[in-house]
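Q: Below is one structure. I have some questions about it.
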Amino acid sequence: MTTAPTPVPTPAAVGTNGGGGTPGTATPATPAAPTATRRRRGGRAWLGALPLLVFFAIGFGLPAVAIAIGAFTTSSDAPDGGGHFTMANLSDSLQGAYLTALLGSVKLSALTALIGTAIGLPLAQAVATSRFKFVRETVLAGSGVLANFGGVPLAFMFVATLGNAGEVTTSLGLKQYGWSLYTFNGLAIVYLYFLIPLMILTITPALEGLRVQWREAAYNNGATVFQYWRHVALPVLLPSLLGGYVLLFGASFAAYATAEAMVGSSIPLISMQIGDALSGNVLVGQGNLALALGLDMIVVACLVMAIYLPLQRRSAKWLSS
């Protein structure tokens, strides 16, 4: 008796996953991931940011390097001919009137940033919860303009209204109450003119990220408005608030033209000292002192950004979760 040969299974009858497929059914092979294509795309992705990197290197990197080099070298009018390493510039920038100016700038920036944050938060909340789209867009557009309005025009506007002979000062008789715009408090009020709109622009997106369900859940559980803000809203907004405060601090710390046009050197500020040093108002051999003062400001700005960026990332993570 002849035995029939055992039929050999065809590829269609065997699954391509090692025999685990259904007999007679072909299991389609999984296409290989286009790894090479993805690598090529990833390699070209950074080219889109190349113009920004070049601009940053030219506009910020090269000046920062030049300031750092000049801060640690002697100036051309020094007795040794200049170009030699020294720590005197940095040491002098942290003593006497220069240290007073640095502390004055930090004090002014901290105070105005705190007031701007405290006033800007409720105003931004009113904008974010407004039912009128026109009002919201108008306030945000106006805040964008006012946040960038500074310098000599801003100083002239306040001098014409709240100066010693300003319209508001003479109309209300503010001078008899001891009011003077050309003081530390007066300069702080002027700074708030552009810091409060900047805070509105900064914190409004975070306020819009608060979920309606969070507020409804708090109210349904018997929480008051104060308790909702105390235990729900403010903890979520805290990174954004701190980030906004740091941003306002940096904007106030770097302001120059407004203070120069309004108070000059009557109020000790680090930016005023840099302006005087650049104009040649320094001792012989201290021509690079302005670069050392600029380096001090860069260090403070870096510390500010080191605080601001992590807070901003944490706020974005919480609001998107």
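In the structure tokens, chains take the letters A, B, ... in the order shown, each chain's residues start at 1, and ligands count up from 1 in the order shown.
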Excluding stretch 107-115 of chain A and residues on its chain fewer than 4 positions from it, collect all residues at most 10 Å away from it, counting only C-alpha atoms, and give them as a ChimeraX atom specification.

A: /A:101-103,119-120,184-185,187-192,195-196,199,242,244-255,269

Q: I'd like the neighbourhood of A:Leu291 as number ranges by chain, where a residue qualifies if any of its atoms comes within 9 Å (using only C-alpha atoms), though same-chain residues fewer than 4 positions away should be ignored.

A: A: 66-72, 89-90, 274, 277-278, 287, 295-296

Q: Mind dumping the selected residues with C-alpha atoms as a PDB file, in the first residue's frame?

A:
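What landed in result28.pdb:
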ATOM      1  CA  ALA A  66      32.651  91.323  25.395  1.00  0.00           C
ATOM      2  CA  ILE A  67      31.292  92.602  28.717  1.00  0.00           C
ATOM      3  CA  ALA A  68      32.703  89.613  30.579  1.00  0.00           C
ATOM      4  CA  ILE A  69      36.142  90.086  29.024  1.00  0.00           C
ATOM      5  CA  GLY A  70      36.204  93.825  29.614  1.00  0.00           C
ATOM      6  CA  ALA A  71      35.055  93.460  33.218  1.00  0.00           C
ATOM      7  CA  PHE A  72      38.196  91.480  34.032  1.00  0.00           C
ATOM      8  CA  ASN A  89      36.729  96.472  38.233  1.00  0.00           C
ATOM      9  CA  LEU A  90      34.474  93.828  39.736  1.00  0.00           C
ATOM     10  CA  ILE A 274      26.318 102.437  34.086  1.00  0.00           C
ATOM     11  CA  ALA A 277      30.420 105.355  33.575  1.00  0.00           C
ATOM     12  CA  LEU A 278      29.854 104.999  29.838  1.00  0.00           C
ATOM     13  CA  GLY A 287      37.096 102.972  32.023  1.00  0.00           C
ATOM     14  CA  LEU A 295      28.236  92.101  34.368  1.00  0.00           C
ATOM     15  CA  ASP A 296      26.580  92.536  37.763  1.00  0.00           C
TER      16      ASP A 296
END

Q: Need the shell around A:Phe156: protein/DNA/RNA residues with any atom at most 9 Å away, counting only C-alpha atoms. Skip same-chain ones fewer than 6 positions apart. Format as an MDAnalysis selection string?

A: chainID A and resid 258 261:262

Q: Show me, as a PDB file with N, CA and C atoms, in the first residue's frame, the residues that have an atom within 7 Å of stretch 123-132 of chain A when counting only C-alpha atoms, minus same-chain residues fewer than 2 positions from it.

A:
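Saved the output as out_4.pdb:
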ATOM      1  N   ILE A 119      -1.817  93.976  42.062  1.00  0.00           N
ATOM      2  CA  ILE A 119      -2.867  94.702  41.343  1.00  0.00           C
ATOM      3  C   ILE A 119      -3.227  94.010  40.033  1.00  0.00           C
ATOM      4  N   GLY A 120      -2.242  93.452  39.373  1.00  0.00           N
ATOM      5  CA  GLY A 120      -2.501  92.837  38.077  1.00  0.00           C
ATOM      6  C   GLY A 120      -3.327  91.572  38.152  1.00  0.00           C
ATOM      7  N   LEU A 121      -3.223  90.808  39.245  1.00  0.00           N
ATOM      8  CA  LEU A 121      -3.966  89.551  39.356  1.00  0.00           C
ATOM      9  C   LEU A 121      -5.476  89.759  39.329  1.00  0.00           C
ATOM     10  N   PHE A 134     -15.387  91.809  23.356  1.00  0.00           N
ATOM     11  CA  PHE A 134     -14.806  93.079  22.929  1.00  0.00           C
ATOM     12  C   PHE A 134     -14.001  93.707  24.061  1.00  0.00           C
ATOM     13  N   VAL A 135     -14.531  93.658  25.284  1.00  0.00           N
ATOM     14  CA  VAL A 135     -13.821  94.233  26.432  1.00  0.00           C
ATOM     15  C   VAL A 135     -12.519  93.478  26.672  1.00  0.00           C
ATOM     16  N   ARG A 136     -12.588  92.160  26.591  1.00  0.00           N
ATOM     17  CA  ARG A 136     -11.397  91.353  26.832  1.00  0.00           C
ATOM     18  C   ARG A 136     -10.311  91.652  25.804  1.00  0.00           C
ATOM     19  N   ILE A 200      -0.843  91.668  33.582  1.00  0.00           N
ATOM     20  CA  ILE A 200      -2.114  91.210  33.008  1.00  0.00           C
ATOM     21  C   ILE A 200      -1.866  90.279  31.839  1.00  0.00           C
ATOM     22  N   ILE A 203      -0.379  86.768  33.340  1.00  0.00           N
ATOM     23  CA  ILE A 203      -1.165  85.876  34.183  1.00  0.00           C
ATOM     24  C   ILE A 203      -2.506  85.503  33.565  1.00  0.00           C
ATOM     25  N   THR A 204      -2.982  86.238  32.568  1.00  0.00           N
ATOM     26  CA  THR A 204      -4.285  85.936  31.975  1.00  0.00           C
ATOM     27  C   THR A 204      -4.350  84.530  31.383  1.00  0.00           C
ATOM     28  N   LEU A 207      -4.919  82.119  34.214  1.00  0.00           N
ATOM     29  CA  LEU A 207      -6.278  82.200  34.758  1.00  0.00           C
ATOM     30  C   LEU A 207      -7.283  81.515  33.838  1.00  0.00           C
ATOM     31  N   GLU A 208      -7.067  81.637  32.546  1.00  0.00           N
ATOM     32  CA  GLU A 208      -7.962  80.957  31.612  1.00  0.00           C
ATOM     33  C   GLU A 208      -7.796  79.447  31.657  1.00  0.00           C
TER      34      GLU A 208
END

Q: Which residues come within 9 Å of A:Tyr182, counting only C-alpha atoms, excluding same-chain residues fewer than 5 positions away, as a list in words?

A: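 Returned residues: Val159, Gly163, Asn164, Leu187, Met262, Val263, Ser266 and Ile267 of chain A.
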
Q: Taking C-alpha atoms for each residue, export the selection above as a compact mmCIF listing (two decimals), in the first residue's frame.

A:
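Ended up saving to selection-v5.txt:
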# COMPACT_ATOMS: atom_id res chain seq x y z
CA VAL A 159 6.03 115.13 34.70
CA GLY A 163 5.31 116.85 38.42
CA ASN A 164 5.86 119.88 40.62
CA LEU A 187 9.48 106.56 40.40
CA MET A 262 12.75 111.86 35.17
CA VAL A 263 15.09 111.70 38.16
CA SER A 266 19.13 111.80 42.29
CA ILE A 267 18.01 108.23 43.00

Q: To one decimal in Å, tell me the separation between atom CA of A:Met297 and atom CA of A:Pro205.

A: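 That distance, rounded to one decimal, is 29.3 Å.
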
Q: Can you pull out every residue within 8 Å of A:Ala257, counting only C-alpha atoms, but drop anything in the same chain fewer than 3 positions away, and send it as a PyMOL selection string?

A: chain A and resi 150-152+260-261

Q: Would you give me, as JSON, numbers by chain, the residues in stretch 66-210 of chain A that DSSP reads as helix (DSSP H, G or I)?

A: {"A": [66, 67, 68, 69, 70, 71, 88, 89, 90, 91, 92, 93, 96, 97, 98, 99, 100, 101, 102, 103, 104, 105, 106, 107, 108, 109, 110, 111, 112, 113, 114, 115, 116, 117, 118, 119, 120, 121, 122, 123, 124, 125, 126, 127, 128, 133, 134, 135, 136, 137, 138, 139, 140, 141, 142, 143, 144, 145, 146, 152, 153, 154, 155, 156, 157, 158, 159, 160, 161, 162, 167, 168, 169, 170, 171, 172, 174, 175, 176, 177, 184, 185, 186, 187, 188, 189, 190, 191, 192, 193, 194, 195, 196, 197, 198, 199, 200, 201, 202, 203, 204, 205, 206, 207, 208]}

Q: In terms of the shortest atom-to-atom distance over only C-alpha atoms, which of A:Ile58, A:Ile298, A:Ala64, A:Leu198 is closest to A:Ala141?

A: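 Checking each candidate against A:Ala141, we get A:Leu198 as the closest.
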
Q: Return the single residue from A:Thr117, A:Thr183, A:Ser271, A:Thr86 that is closest to A:Tyr98, with distances computed using only C-alpha atoms.

A: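 The shortest atom-to-atom distance to A:Tyr98 comes from A:Ser271.
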
Q: Work out how far apart atom CA of A:Leu174 and atom CA of A:Tyr193 are and give it in Å to one decimal.

A: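 Distance between the two atoms: 19.8 Å.
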
Q: Leaving out A:Val168 and any residue of its chain fewer than 3 positions from it, which residues lie within 12 Å of it when counting only C-alpha atoms, given as JSON, numbers by chain?

A: {"A": [157, 158, 159, 160, 161, 162, 163, 164, 165, 171, 172, 173, 174, 175, 179, 180, 181]}

Q: What is the atom CA of A:Gly186 to atom CA of A:Gly294 distance in Å?

A: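 Atom-to-atom, atom CA of A:Gly186 and atom CA of A:Gly294 are spaced 25.4 Å apart.
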